[in-house]
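Engineer: Pasting upload_12.cif here (mmCIF, N, CA and C atoms):
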data_upload
#
loop_
_atom_site.label_atom_id
_atom_site.label_comp_id
_atom_site.auth_asym_id
_atom_site.auth_seq_id
_atom_site.Cartn_x
_atom_site.Cartn_y
_atom_site.Cartn_z
N MET A 1 96.07 109.74 94.89
CA MET A 1 95.85 108.77 95.94
C MET A 1 97.13 108.63 96.74
N SER A 2 97.01 108.45 98.04
CA SER A 2 98.19 108.16 98.86
C SER A 2 97.90 107.08 99.89
N VAL A 3 98.97 106.39 100.25
CA VAL A 3 98.93 105.37 101.29
C VAL A 3 100.09 105.64 102.24
N ILE A 4 100.08 104.99 103.36
CA ILE A 4 101.17 105.13 104.32
C ILE A 4 102.00 103.85 104.25
N VAL A 5 103.27 103.99 103.91
CA VAL A 5 104.18 102.85 103.82
C VAL A 5 105.25 103.02 104.88
N ASN A 6 105.29 102.08 105.82
CA ASN A 6 106.25 102.12 106.93
C ASN A 6 106.26 103.50 107.60
N GLY A 7 105.06 104.05 107.82
CA GLY A 7 104.92 105.30 108.54
C GLY A 7 105.10 106.57 107.72
N GLU A 8 105.38 106.44 106.42
CA GLU A 8 105.59 107.62 105.57
C GLU A 8 104.54 107.66 104.46
N LEU A 9 104.04 108.86 104.20
CA LEU A 9 103.05 109.03 103.15
C LEU A 9 103.68 108.75 101.79
N GLN A 10 103.02 107.91 101.01
CA GLN A 10 103.52 107.51 99.70
C GLN A 10 102.45 107.82 98.67
N PRO A 11 102.68 108.82 97.80
CA PRO A 11 101.68 109.10 96.76
C PRO A 11 101.71 108.03 95.68
N LEU A 12 100.54 107.70 95.19
CA LEU A 12 100.42 106.73 94.09
C LEU A 12 99.60 107.38 92.99
N PRO A 13 99.95 107.15 91.73
CA PRO A 13 99.24 107.79 90.64
C PRO A 13 97.80 107.32 90.48
N GLU A 14 97.50 106.13 90.91
CA GLU A 14 96.16 105.57 90.74
C GLU A 14 96.01 104.37 91.67
N PRO A 15 94.78 103.93 91.90
CA PRO A 15 94.61 102.71 92.70
C PRO A 15 95.38 101.56 92.06
N CYS A 16 95.97 100.73 92.88
CA CYS A 16 96.76 99.63 92.35
C CYS A 16 96.70 98.43 93.27
N THR A 17 97.40 97.40 92.90
CA THR A 17 97.49 96.20 93.73
C THR A 17 98.76 96.27 94.59
N LEU A 18 98.81 95.42 95.57
CA LEU A 18 99.99 95.33 96.41
C LEU A 18 101.19 94.92 95.55
N ALA A 19 101.00 94.03 94.59
CA ALA A 19 102.09 93.60 93.71
C ALA A 19 102.67 94.79 92.96
N ALA A 20 101.82 95.68 92.43
CA ALA A 20 102.29 96.86 91.70
C ALA A 20 103.03 97.82 92.62
N LEU A 21 102.53 97.99 93.84
CA LEU A 21 103.20 98.86 94.80
C LEU A 21 104.59 98.33 95.14
N LEU A 22 104.69 97.03 95.37
CA LEU A 22 105.99 96.42 95.70
C LEU A 22 106.95 96.50 94.52
N LEU A 23 106.44 96.37 93.32
CA LEU A 23 107.28 96.51 92.14
C LEU A 23 107.85 97.93 92.08
N ARG A 24 107.02 98.89 92.39
CA ARG A 24 107.45 100.30 92.40
C ARG A 24 108.47 100.59 93.50
N LEU A 25 108.25 100.03 94.71
CA LEU A 25 109.13 100.30 95.85
C LEU A 25 110.39 99.45 95.85
N ALA A 26 110.34 98.28 95.24
CA ALA A 26 111.46 97.34 95.13
C ALA A 26 112.17 97.08 96.46
N PRO A 27 111.44 96.59 97.48
CA PRO A 27 112.11 96.27 98.75
C PRO A 27 113.08 95.10 98.57
N VAL A 28 114.11 95.10 99.38
CA VAL A 28 115.12 94.04 99.34
C VAL A 28 114.55 92.79 100.03
N ALA A 29 114.63 91.65 99.37
CA ALA A 29 114.16 90.38 99.93
C ALA A 29 115.15 89.88 100.97
N PRO A 30 114.72 89.13 101.94
CA PRO A 30 113.36 88.68 102.21
C PRO A 30 112.58 89.75 102.99
N PHE A 31 111.27 89.73 102.82
CA PHE A 31 110.41 90.66 103.54
C PHE A 31 109.01 90.06 103.67
N ALA A 32 108.24 90.64 104.57
CA ALA A 32 106.83 90.28 104.74
C ALA A 32 106.04 91.59 104.69
N VAL A 33 104.77 91.48 104.33
CA VAL A 33 103.95 92.68 104.15
C VAL A 33 102.65 92.54 104.93
N ALA A 34 102.25 93.65 105.57
CA ALA A 34 100.95 93.73 106.22
C ALA A 34 100.20 94.92 105.62
N ARG A 35 98.91 94.74 105.39
CA ARG A 35 98.03 95.83 104.93
C ARG A 35 97.02 96.07 106.03
N ASN A 36 97.01 97.28 106.56
CA ASN A 36 96.11 97.63 107.66
C ASN A 36 96.22 96.63 108.81
N GLU A 37 97.47 96.31 109.16
CA GLU A 37 97.84 95.42 110.27
C GLU A 37 97.47 93.95 110.07
N GLU A 38 97.16 93.56 108.84
CA GLU A 38 96.89 92.15 108.54
C GLU A 38 97.94 91.62 107.58
N PHE A 39 98.58 90.51 107.94
CA PHE A 39 99.58 89.88 107.08
C PHE A 39 98.96 89.53 105.73
N VAL A 40 99.71 89.79 104.66
CA VAL A 40 99.26 89.43 103.31
C VAL A 40 100.22 88.39 102.75
N SER A 41 99.70 87.22 102.43
CA SER A 41 100.50 86.15 101.86
C SER A 41 101.02 86.56 100.49
N ARG A 42 102.22 86.15 100.17
CA ARG A 42 102.83 86.47 98.88
C ARG A 42 101.94 86.02 97.72
N THR A 43 101.21 84.94 97.89
CA THR A 43 100.33 84.44 96.83
C THR A 43 99.14 85.37 96.58
N ARG A 44 98.89 86.33 97.49
CA ARG A 44 97.75 87.23 97.34
C ARG A 44 98.15 88.64 96.90
N TYR A 45 99.42 88.90 96.66
CA TYR A 45 99.88 90.25 96.28
C TYR A 45 99.15 90.76 95.04
N ASP A 46 98.95 89.90 94.03
CA ASP A 46 98.30 90.34 92.78
C ASP A 46 96.84 90.71 92.96
N GLU A 47 96.16 90.08 93.90
CA GLU A 47 94.72 90.34 94.08
C GLU A 47 94.43 91.36 95.19
N CYS A 48 95.42 91.73 95.96
CA CYS A 48 95.23 92.65 97.08
C CYS A 48 95.19 94.09 96.58
N ARG A 49 93.99 94.68 96.54
CA ARG A 49 93.81 96.06 96.07
C ARG A 49 94.21 97.04 97.16
N ILE A 50 94.99 98.04 96.78
CA ILE A 50 95.38 99.10 97.70
C ILE A 50 94.36 100.22 97.59
N GLU A 51 93.83 100.68 98.73
CA GLU A 51 92.83 101.74 98.77
C GLU A 51 93.45 102.99 99.38
N PRO A 52 92.91 104.18 99.04
CA PRO A 52 93.44 105.42 99.64
C PRO A 52 93.44 105.33 101.16
N GLY A 53 94.54 105.75 101.77
CA GLY A 53 94.66 105.75 103.22
C GLY A 53 95.10 104.44 103.83
N ASP A 54 95.27 103.38 103.02
CA ASP A 54 95.75 102.10 103.57
C ASP A 54 97.11 102.28 104.22
N ARG A 55 97.36 101.47 105.23
CA ARG A 55 98.66 101.46 105.90
C ARG A 55 99.36 100.16 105.51
N ILE A 56 100.50 100.30 104.84
CA ILE A 56 101.29 99.16 104.39
C ILE A 56 102.58 99.11 105.20
N ASP A 57 102.85 97.97 105.79
CA ASP A 57 104.09 97.77 106.54
C ASP A 57 104.90 96.68 105.86
N ILE A 58 106.13 97.03 105.50
CA ILE A 58 107.06 96.07 104.89
C ILE A 58 108.14 95.82 105.92
N VAL A 59 108.26 94.58 106.38
CA VAL A 59 109.22 94.26 107.43
C VAL A 59 110.20 93.21 106.94
N HIS A 60 111.41 93.30 107.47
CA HIS A 60 112.49 92.37 107.12
C HIS A 60 112.85 91.57 108.37
N PRO A 61 113.04 90.25 108.22
CA PRO A 61 113.44 89.44 109.36
C PRO A 61 114.85 89.80 109.82
N THR A 62 115.08 89.64 111.11
CA THR A 62 116.43 89.86 111.64
C THR A 62 116.83 88.65 112.47
N ALA A 63 118.11 88.37 112.47
CA ALA A 63 118.64 87.24 113.24
C ALA A 63 119.04 87.74 114.64
N GLY A 64 119.06 86.84 115.56
CA GLY A 64 119.50 87.20 116.90
C GLY A 64 118.44 86.91 117.93
N GLY A 65 118.74 87.26 119.13
CA GLY A 65 117.73 86.96 120.15
C GLY A 65 117.92 87.65 121.40
#
In structure tokens, write the structure found in this file.
Structural biologist:
Amino acid sequence: MSVIVNGELQPLPEPCTLAALLLRLAPVAPFAVARNEEFVSRTRYDECRIEPGDRIDIVHPTAGG
């Protein structure tokens, strides 16, 4: 199975949750996540199932203007 994470193909050994994917990728906090262009609340990471071909975007806030 593979998904697209920040524009790059990411192979996964099996279907998993967003929480498991983030544990594997270990992004530096703070960050926000979107699955298929929809924001996913941190409280929903454990229940959010990742499907083949999903597009996951992990973004980090930046200061400035």
Engineer: To verify the selection step, state as a list in words which residues the PyMOL selection byres ((chain A and resi 45-61) around 6) yields on this input.
Structural biologist: Met1, Ser2, Val3, Ile4, Val5, Asn6, Pro15, Cys16, Thr17, Leu18, Ala19, Pro30, Phe31, Ala32, Val33, Ala34, Arg35, Asn36, Glu37, Ser41, Arg42, Thr43, Arg44, Thr62 and Ala63 of chain A
Engineer: Quick one, how far is atom CA of A:Leu21 from atom CA of A:Phe39?
Structural biologist: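 Pair atom CA of A:Leu21 / atom CA of A:Phe39 returns 15.6 Å.
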Engineer: Between atom CA of A:Pro13 and atom CA of A:Val28, what is the spacing in Å?
Structural biologist: 22.7 Å
Engineer: Would you give me, as a list in words, the residues in chain A that DSSP reads as helix (DSSP H, G or I)?
Structural biologist: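 After running DSSP on the backbone, chain A has helix (DSSP H, G or I) at Leu18, Ala19, Ala20, Leu21, Leu22, Leu23, Arg24, Leu25, Arg42, Thr43 and Arg44 of chain A.
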Engineer: Which distance in Å separates atom N of A:Leu22 and atom C of A:Gly64, to one decimal?
Structural biologist: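 So the answer is 28.3 Å.
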Engineer: Please return stretch 21-41 of chain A, rebuilt to N, CA, C and O atoms, as an mmCIF file, in the frame of the given file.
Structural biologist:
data_model
loop_
_atom_site.group_PDB
_atom_site.id
_atom_site.type_symbol
_atom_site.label_atom_id
_atom_site.label_comp_id
_atom_site.auth_asym_id
_atom_site.auth_seq_id
_atom_site.Cartn_x
_atom_site.Cartn_y
_atom_site.Cartn_z
ATOM 1 N N LEU A 21 102.530 97.990 93.840
ATOM 2 C CA LEU A 21 103.200 98.860 94.800
ATOM 3 C C LEU A 21 104.590 98.330 95.140
ATOM 4 O O LEU A 21 105.570 99.076 95.161
ATOM 5 N N LEU A 22 104.690 97.030 95.370
ATOM 6 C CA LEU A 22 105.990 96.420 95.700
ATOM 7 C C LEU A 22 106.950 96.500 94.520
ATOM 8 O O LEU A 22 108.146 96.712 94.707
ATOM 9 N N LEU A 23 106.440 96.370 93.320
ATOM 10 C CA LEU A 23 107.280 96.510 92.140
ATOM 11 C C LEU A 23 107.850 97.930 92.080
ATOM 12 O O LEU A 23 109.032 98.136 91.793
ATOM 13 N N ARG A 24 107.020 98.890 92.390
ATOM 14 C CA ARG A 24 107.450 100.300 92.400
ATOM 15 C C ARG A 24 108.470 100.590 93.500
ATOM 16 O O ARG A 24 109.437 101.308 93.289
ATOM 17 N N LEU A 25 108.250 100.030 94.710
ATOM 18 C CA LEU A 25 109.130 100.300 95.850
ATOM 19 C C LEU A 25 110.390 99.450 95.850
ATOM 20 O O LEU A 25 111.399 99.839 96.434
ATOM 21 N N ALA A 26 110.340 98.280 95.240
ATOM 22 C CA ALA A 26 111.460 97.340 95.130
ATOM 23 C C ALA A 26 112.170 97.080 96.460
ATOM 24 O O ALA A 26 113.372 97.293 96.585
ATOM 25 N N PRO A 27 111.440 96.590 97.480
ATOM 26 C CA PRO A 27 112.110 96.270 98.750
ATOM 27 C C PRO A 27 113.080 95.100 98.570
ATOM 28 O O PRO A 27 112.867 94.224 97.736
ATOM 29 N N VAL A 28 114.110 95.100 99.380
ATOM 30 C CA VAL A 28 115.120 94.040 99.340
ATOM 31 C C VAL A 28 114.550 92.790 100.030
ATOM 32 O O VAL A 28 114.017 92.870 101.143
ATOM 33 N N ALA A 29 114.630 91.650 99.370
ATOM 34 C CA ALA A 29 114.160 90.380 99.930
ATOM 35 C C ALA A 29 115.150 89.880 100.970
ATOM 36 O O ALA A 29 116.328 90.217 100.896
ATOM 37 N N PRO A 30 114.720 89.130 101.940
ATOM 38 C CA PRO A 30 113.360 88.680 102.210
ATOM 39 C C PRO A 30 112.580 89.750 102.990
ATOM 40 O O PRO A 30 113.159 90.564 103.708
ATOM 41 N N PHE A 31 111.270 89.730 102.820
ATOM 42 C CA PHE A 31 110.410 90.660 103.540
ATOM 43 C C PHE A 31 109.010 90.060 103.670
ATOM 44 O O PHE A 31 108.664 89.112 102.985
ATOM 45 N N ALA A 32 108.240 90.640 104.570
ATOM 46 C CA ALA A 32 106.830 90.280 104.740
ATOM 47 C C ALA A 32 106.040 91.590 104.690
ATOM 48 O O ALA A 32 106.578 92.659 104.964
ATOM 49 N N VAL A 33 104.770 91.480 104.330
ATOM 50 C CA VAL A 33 103.950 92.680 104.150
ATOM 51 C C VAL A 33 102.650 92.540 104.930
ATOM 52 O O VAL A 33 102.027 91.483 104.959
ATOM 53 N N ALA A 34 102.250 93.650 105.570
ATOM 54 C CA ALA A 34 100.950 93.730 106.220
ATOM 55 C C ALA A 34 100.200 94.920 105.620
ATOM 56 O O ALA A 34 100.787 95.965 105.337
ATOM 57 N N ARG A 35 98.910 94.740 105.390
ATOM 58 C CA ARG A 35 98.030 95.830 104.930
ATOM 59 C C ARG A 35 97.020 96.070 106.030
ATOM 60 O O ARG A 35 96.297 95.154 106.433
ATOM 61 N N ASN A 36 97.010 97.280 106.560
ATOM 62 C CA ASN A 36 96.110 97.630 107.660
ATOM 63 C C ASN A 36 96.220 96.630 108.810
ATOM 64 O O ASN A 36 95.234 96.134 109.331
ATOM 65 N N GLU A 37 97.470 96.310 109.160
ATOM 66 C CA GLU A 37 97.840 95.420 110.270
ATOM 67 C C GLU A 37 97.470 93.950 110.070
ATOM 68 O O GLU A 37 97.454 93.179 111.027
ATOM 69 N N GLU A 38 97.160 93.560 108.840
ATOM 70 C CA GLU A 38 96.890 92.150 108.540
ATOM 71 C C GLU A 38 97.940 91.620 107.580
ATOM 72 O O GLU A 38 98.161 92.205 106.509
ATOM 73 N N PHE A 39 98.580 90.510 107.940
ATOM 74 C CA PHE A 39 99.580 89.880 107.080
ATOM 75 C C PHE A 39 98.960 89.530 105.730
ATOM 76 O O PHE A 39 97.826 89.070 105.660
ATOM 77 N N VAL A 40 99.710 89.790 104.660
ATOM 78 C CA VAL A 40 99.260 89.430 103.310
ATOM 79 C C VAL A 40 100.220 88.390 102.750
ATOM 80 O O VAL A 40 101.424 88.631 102.636
ATOM 81 N N SER A 41 99.700 87.220 102.430
ATOM 82 C CA SER A 41 100.500 86.150 101.860
ATOM 83 C C SER A 41 101.020 86.560 100.490
ATOM 84 O O SER A 41 100.316 87.227 99.718
#
